[in-house]
Amino acid sequence: MSAATEPIVRADRVSKRFGALTAVDGVNFAVRRNEVTGIFGSNGAGKTTFFNLLTGYFVPDEGTIRYKGRDITHTPVRERVAMGMMRTFQLTSTFDNLSVVDNLVLAFYRAHRGHSLLRMLLSTCRRHRDEDKVMQALETFELGARRDMEVRHLSLGEKRRLEIAMSMLAEPEVLLLDEPLAGLAESEIRSVLDVLRRNSGSQTIVIVEHKISAVKDFVQRLVVMHEGRIIAEGGYDECMQHPEVRRSYWQIETDTVAEGRS
Ligand SMILES: Nc1ncnc2c1ncn2[C@@H]1O[C@H](COP(=O)(O)OP(=O)(O)OP(=O)(O)O)[C@@H](O)[C@H]1O
Ligand SMILES: [Mg+2]
């Protein structure tokens, strides 16, 4: 298989158990380059556990995870990040007493100039607030008006956009997002998705979401998990028509399919 057609991330027969519970059960999964893949499923389906296996927070009990063909099943998180797999939140925590622009500067320098945060903290921020990539991130993520505001004063949606912007500044090849829309108001969901959409096509994105209706126009391919297994995958309509999905998710039947048909 050539590098262009080979999945960028691939999981083969991956399982993870917590005691007697099999949270992820023999999952096969592939992410194609520059595609937006959604992982969807009800509470407790195993989405976050699977996400943690992909990103290196858990080691699977069985199975293999590959990145660009290389076995990374036992590769630590930090090394996966260096290889180009970036997840939001855990690795992009914000500094709430610093301004938006300074958080972006720090994210940029952490990604491109090593990890010595203390050394560069304030003096670097002052010198590099005009960095092109930082300016671009402020604009793309619609944070220009909040540039000099301390992060603790941002709304949840603005903070979420900042976290995603900080991840993007590292220019990851694969960006993994676990419920980036959780807790956001409708208008904030729209603005987070708008900025993500602007990057889709040139970025491989894996997004875990509980509420499928929010992301159905954003994802190109969907996998649906239930009780640790993938029960359907493909396009949105295809997945929604799948008998097992329809059986497992009465809430999809009642909200999302009805909405999709309207
Ligand atoms: N660290 C853990 N220790 C024990 N059990 C866990 C742990 N993490 C998850 N589980 C269990 O594994 C199952 C899958 O949980 P997981 O968090 O992966 O589901 P999820 O699909 O992300 O759900 P949600 O939509 O609520 O975020 C659940 O039954 C959960 O209780
Ligand atoms: Mg979860």
# chains A, B, ... in the order shown; residues from 1 in each chain; ligands from 1
call {"tool": "residues_around", "arguments": {"residues": "Ala111 of chain A", "least_positions_apart": "4", "cutoff": "10 Å", "atoms": "only C-alpha atoms", "output": "ChimeraX atom specification"}}
result
/A:81-82,105-107,115,166-172
call {"tool": "closest_atom_pairs", "arguments": {"of": "chain A", "to": "ligand 2", "cutoff": "8 Å", "atoms": "only C-alpha atoms and all ligand atoms", "output": "CSV"}}
result
residue,atom,partner,partner_atom_place_in_ligand_line,distance
A:Asn43,CA,ligand 2,1 (Mg),7.0
A:Gly44,CA,ligand 2,1 (Mg),7.0
A:Gly46,CA,ligand 2,1 (Mg),7.1
A:Lys47,CA,ligand 2,1 (Mg),5.5
A:Thr48,CA,ligand 2,1 (Mg),4.0
A:Thr49,CA,ligand 2,1 (Mg),7.2
A:Asp178,CA,ligand 2,1 (Mg),7.0
A:Glu179,CA,ligand 2,1 (Mg),7.3
A:Val208,CA,ligand 2,1 (Mg),7.7
A:His210,CA,ligand 2,1 (Mg),7.8
call {"tool": "atom_distance", "arguments": {"atom1": "atom CA of Val134 of chain A", "atom2": "atom CA of Ala165 of chain A"}}
result
9.1 Å
call {"tool": "residues_around", "arguments": {"residues": "Thr37 of chain A", "least_positions_apart": "4", "cutoff": "8 Å", "atoms": "only C-alpha atoms", "output": "PyMOL selection string"}}
result
chain A and resi 31+205-207+219-223
call {"tool": "atom_distance", "arguments": {"atom1": "atom CA of Gly63 of chain A", "atom2": "atom CA of Ser248 of chain A"}}
result
25.7 Å
call {"tool": "residues_around", "arguments": {"residues": "segment 149-161 of chain A", "least_positions_apart": "3", "cutoff": "10 Å", "atoms": "only C-alpha atoms", "output": "PyMOL selection string"}}
result
chain A and resi 88-89+94-103+137-138+140-143+145-146+164-167+180-193+195-196
call {"tool": "atom_distance", "arguments": {"atom1": "atom 5 (N, counted along the ligand's line) of ligand 1", "atom2": "atom CA of Phe18 of chain A"}}
result
5.1 Å
call {"tool": "select_by_dssp", "arguments": {"residues": "segment 54-255 of chain A", "states": "alpha helix (DSSP H)", "output": "ChimeraX atom specification"}}
result
/A:54-55,77-83,100-112,117-128,132-140,156-169,186-199,212-215,236-241,243-248,250-251
call {"tool": "closest_residue", "arguments": {"among": "A:Ile231, A:Leu176, A:Val14, A:Val215", "to": "Pro60 of chain A", "atoms": "only C-alpha atoms"}}
result
A:Val14
call {"tool": "closest_residue", "arguments": {"among": "A:Asp25, A:Glu79, A:Glu238, A:Asp12", "to": "Arg66 of chain A", "atoms": "only C-alpha atoms"}}
result
A:Asp12
call {"tool": "closest_residue", "arguments": {"among": "A:Thr5, A:Val27, A:Gly84, A:Gly144", "to": "Leu162 of chain A", "atoms": "only C-alpha atoms"}}
result
A:Gly144
call {"tool": "closest_residue", "arguments": {"among": "A:Val9, A:Ala20, A:Met86, A:Ala214", "to": "ligand 1", "atoms": "only C-alpha atoms and all ligand atoms"}}
result
A:Ala20
call {"tool": "closest_residue", "arguments": {"among": "A:Val224, A:Val77, A:Leu175, A:Val36", "to": "ligand 1", "atoms": "only C-alpha atoms and all ligand atoms"}}
result
A:Val224
call {"tool": "closest_residue", "arguments": {"among": "A:Arg197, A:Arg246, A:His74, A:Lys211", "to": "ligand 1", "atoms": "only C-alpha atoms and all ligand atoms"}}
result
A:Lys211
